[in-house]
Amino acid sequence: MKSTFNISAIAIALAFTISACGGNTQTVETSGETSIAETPVSPAATETTLTLEGNDQMQFDKTELRVPAGQTITLTLKHTGTMDKNVMGHNFVLLKPGTDLVAFGQKAASAVVEDYVPASESANVIAHTKLIGGGESVTIQFTVPEKGTYDYLCSFPGHYAIMKGKLIAE
Ligand code: CO
């Protein structure tokens, strides 16, 4: 993955920098004791990448997502099944704190022409993807500014009872 590579590259670059300018640090252990390299603090990492999968069994593969508050989150929703979106459609809808997930799911279910994310509920939605079917994927970016626990769901009719989870911003 792109961001994983970038983080690794940064870590390697940082380690090199430390060893290059640190003089007597990072020396090879000869006493037989094992040294544990400290993990460098990630310098101003500003992007988090998540993947969430939905399948033909009406399931998300994760019921908990952890993200850093205030950072740009890149989320890819992937439908690993083969069924059409009119039958087994999936989306990702992240709700604002205090929004009743069941009430939202019920209202969303009737919003067919809006792909089940009704504009009338937009004040309760932090971010959402479009609706996808089997073999499709979609990527969105969003930010969760406040630390806390947020509900997410698939708002396709009937799915929210099972296809839901918590996004924890910390
Ligand atoms: Co669904």
# chains A, B, ... in the order shown; residues from 1 in each chain; ligands from 1
call {"tool": "residues_around", "arguments": {"residues": "stretch 123-130 of chain A", "least_positions_apart": "6", "cutoff": "9 Å", "atoms": "only C-alpha atoms", "output": "JSON, numbers by chain"}}
result
{"A": [76, 77, 90, 91, 92, 93, 94, 95, 96, 97, 98, 99, 104, 115, 117, 138, 139, 140, 141, 142, 143, 144]}
call {"tool": "residues_near_ligand", "arguments": {"ligand": "ligand 1", "cutoff": "8 Å", "atoms": "only C-alpha atoms and all ligand atoms", "output": "PyMOL selection string"}}
result
chain A and resi 54+58-59+88-91+154-157+159-160+163
call {"tool": "write_last_selection", "arguments": {"atoms": "C-alpha atoms", "output": "PDB file, in the first residue's frame"}}
result
ATOM      1  CA  GLY A  54     -18.554  -5.935   2.477  1.00  0.00           C
ATOM      2  CA  MET A  58     -24.433  -8.815   4.247  1.00  0.00           C
ATOM      3  CA  GLN A  59     -21.375  -8.405   6.451  1.00  0.00           C
ATOM      4  CA  MET A  88     -26.828  -6.567  -2.048  1.00  0.00           C
ATOM      5  CA  GLY A  89     -25.732  -2.959  -2.177  1.00  0.00           C
ATOM      6  CA  HIS A  90     -23.218  -1.651   0.339  1.00  0.00           C
ATOM      7  CA  ASN A  91     -22.113   1.764   1.377  1.00  0.00           C
ATOM      8  CA  CYS A 154     -24.461   0.376   5.501  1.00  0.00           C
ATOM      9  CA  SER A 155     -27.723   2.173   4.838  1.00  0.00           C
ATOM     10  CA  PHE A 156     -29.039  -0.235   2.200  1.00  0.00           C
ATOM     11  CA  PRO A 157     -32.508  -1.333   3.380  1.00  0.00           C
ATOM     12  CA  HIS A 159     -28.502  -3.930   6.337  1.00  0.00           C
ATOM     13  CA  TYR A 160     -27.867  -1.622   9.287  1.00  0.00           C
ATOM     14  CA  MET A 163     -23.677  -4.048   8.806  1.00  0.00           C
TER      15      MET A 163
END
call {"tool": "residues_around", "arguments": {"residues": "A:Phe60", "least_positions_apart": "3", "cutoff": "9 Å", "atoms": "only C-alpha atoms", "output": "ChimeraX atom specification"}}
result
/A:52-55,57,63,154,162-165
call {"tool": "select_by_dssp", "arguments": {"residues": "stretch 37-161 of chain A", "states": "strand (DSSP E)", "output": "ChimeraX atom specification"}}
result
/A:47-54,64-67,72-79,93-95,125-128,137-143,148-153
call {"tool": "write_last_selection", "arguments": {"atoms": "N, CA and C atoms", "output": "short mmCIF file (atom, residue, chain, number, x, y, z; two decimals), in the first residue's frame"}}
result
data_model
loop_
_atom_site.label_atom_id
_atom_site.label_comp_id
_atom_site.auth_asym_id
_atom_site.auth_seq_id
_atom_site.Cartn_x
_atom_site.Cartn_y
_atom_site.Cartn_z
N GLU A 47 -1.86 11.20 7.35
CA GLU A 47 -2.81 10.43 6.57
C GLU A 47 -2.95 9.02 7.10
N THR A 48 -4.17 8.56 7.20
CA THR A 48 -4.45 7.20 7.63
C THR A 48 -5.27 6.53 6.55
N THR A 49 -4.91 5.31 6.21
CA THR A 49 -5.62 4.58 5.17
C THR A 49 -6.31 3.36 5.78
N LEU A 50 -7.58 3.21 5.48
CA LEU A 50 -8.37 2.10 5.97
C LEU A 50 -9.03 1.38 4.81
N THR A 51 -9.21 0.08 4.97
CA THR A 51 -9.98 -0.69 4.01
C THR A 51 -11.09 -1.42 4.75
N LEU A 52 -12.29 -1.32 4.23
CA LEU A 52 -13.44 -2.00 4.81
C LEU A 52 -14.08 -2.81 3.70
N GLU A 53 -14.36 -4.08 3.99
CA GLU A 53 -14.95 -4.94 2.97
C GLU A 53 -16.37 -5.33 3.34
N GLY A 54 -17.21 -5.40 2.31
CA GLY A 54 -18.55 -5.93 2.48
C GLY A 54 -18.70 -7.13 1.56
N GLU A 64 -14.94 -2.53 14.03
CA GLU A 64 -14.29 -1.44 14.74
C GLU A 64 -13.16 -0.88 13.88
N LEU A 65 -13.14 0.42 13.75
CA LEU A 65 -12.08 1.10 13.02
C LEU A 65 -11.48 2.13 13.96
N ARG A 66 -10.16 2.19 14.02
CA ARG A 66 -9.51 3.17 14.87
C ARG A 66 -8.74 4.17 14.01
N VAL A 67 -8.95 5.43 14.30
CA VAL A 67 -8.29 6.47 13.52
C VAL A 67 -7.78 7.55 14.46
N THR A 72 -6.50 13.34 8.08
CA THR A 72 -7.23 12.93 6.89
C THR A 72 -7.27 11.41 6.83
N ILE A 73 -8.47 10.87 6.74
CA ILE A 73 -8.66 9.43 6.65
C ILE A 73 -9.02 9.09 5.21
N THR A 74 -8.29 8.17 4.62
CA THR A 74 -8.64 7.66 3.30
C THR A 74 -9.22 6.27 3.49
N LEU A 75 -10.49 6.14 3.18
CA LEU A 75 -11.17 4.86 3.40
C LEU A 75 -11.62 4.28 2.06
N THR A 76 -11.25 3.02 1.85
CA THR A 76 -11.71 2.30 0.66
C THR A 76 -12.70 1.24 1.09
N LEU A 77 -13.90 1.32 0.52
CA LEU A 77 -14.91 0.29 0.73
C LEU A 77 -14.88 -0.63 -0.48
N LYS A 78 -14.75 -1.92 -0.20
CA LYS A 78 -14.63 -2.91 -1.28
C LYS A 78 -15.74 -3.94 -1.11
N HIS A 79 -16.47 -4.18 -2.17
CA HIS A 79 -17.52 -5.22 -2.15
C HIS A 79 -16.90 -6.49 -2.73
N VAL A 93 -21.56 4.73 5.78
CA VAL A 93 -22.10 6.01 6.25
C VAL A 93 -21.63 6.21 7.68
N LEU A 94 -20.93 7.30 7.91
CA LEU A 94 -20.41 7.63 9.25
C LEU A 94 -21.30 8.71 9.86
N LEU A 95 -21.84 8.39 11.03
CA LEU A 95 -22.81 9.29 11.65
C LEU A 95 -22.17 10.18 12.71
N VAL A 125 -24.65 13.25 9.10
CA VAL A 125 -23.66 12.43 8.40
C VAL A 125 -22.33 13.16 8.32
N ILE A 126 -21.27 12.50 8.78
CA ILE A 126 -19.92 13.07 8.65
C ILE A 126 -19.37 12.79 7.27
N ALA A 127 -19.55 11.57 6.81
CA ALA A 127 -19.02 11.17 5.50
C ALA A 127 -19.75 9.93 5.04
N HIS A 128 -19.79 9.74 3.73
CA HIS A 128 -20.37 8.50 3.21
C HIS A 128 -19.82 8.22 1.83
N SER A 137 -15.41 -1.09 -5.90
CA SER A 137 -14.85 -0.45 -4.71
C SER A 137 -14.94 1.06 -4.88
N VAL A 138 -14.86 1.75 -3.76
CA VAL A 138 -14.96 3.20 -3.78
C VAL A 138 -14.10 3.75 -2.65
N THR A 139 -13.46 4.87 -2.92
CA THR A 139 -12.57 5.47 -1.92
C THR A 139 -13.01 6.89 -1.61
N ILE A 140 -13.05 7.20 -0.32
CA ILE A 140 -13.39 8.57 0.09
C ILE A 140 -12.34 9.06 1.09
N GLN A 141 -12.32 10.36 1.27
CA GLN A 141 -11.48 10.96 2.30
C GLN A 141 -12.34 11.80 3.22
N PHE A 142 -12.03 11.75 4.49
CA PHE A 142 -12.76 12.56 5.45
C PHE A 142 -11.89 12.79 6.68
N THR A 143 -12.36 13.66 7.53
CA THR A 143 -11.66 13.95 8.78
C THR A 143 -12.65 13.86 9.94
N GLY A 148 -13.53 10.50 19.94
CA GLY A 148 -14.80 9.94 20.37
C GLY A 148 -15.11 8.67 19.59
N THR A 149 -16.30 8.15 19.85
CA THR A 149 -16.76 6.93 19.19
C THR A 149 -17.94 7.26 18.30
N TYR A 150 -17.84 6.83 17.06
CA TYR A 150 -18.85 7.17 16.05
C TYR A 150 -19.42 5.89 15.46
N ASP A 151 -20.70 5.92 15.17
CA ASP A 151 -21.33 4.78 14.52
C ASP A 151 -21.15 4.86 13.01
N TYR A 152 -20.92 3.70 12.38
CA TYR A 152 -21.01 3.65 10.92
C TYR A 152 -21.91 2.48 10.54
N LEU A 153 -22.47 2.58 9.36
CA LEU A 153 -23.39 1.55 8.91
C LEU A 153 -23.43 1.52 7.39
#
call {"tool": "atom_distance", "arguments": {"atom1": "atom CA of A:Leu131", "atom2": "atom CA of A:Leu167"}}
result
19.5 Å
call {"tool": "closest_residue", "arguments": {"among": "A:Ile168, A:Met83, A:Leu101, A:Ile132", "to": "A:Pro145", "atoms": "only C-alpha atoms"}}
result
A:Ile168
call {"tool": "atom_distance", "arguments": {"atom1": "atom CA of A:Asp84", "atom2": "atom CA of A:Ala161"}}
result
20.0 Å
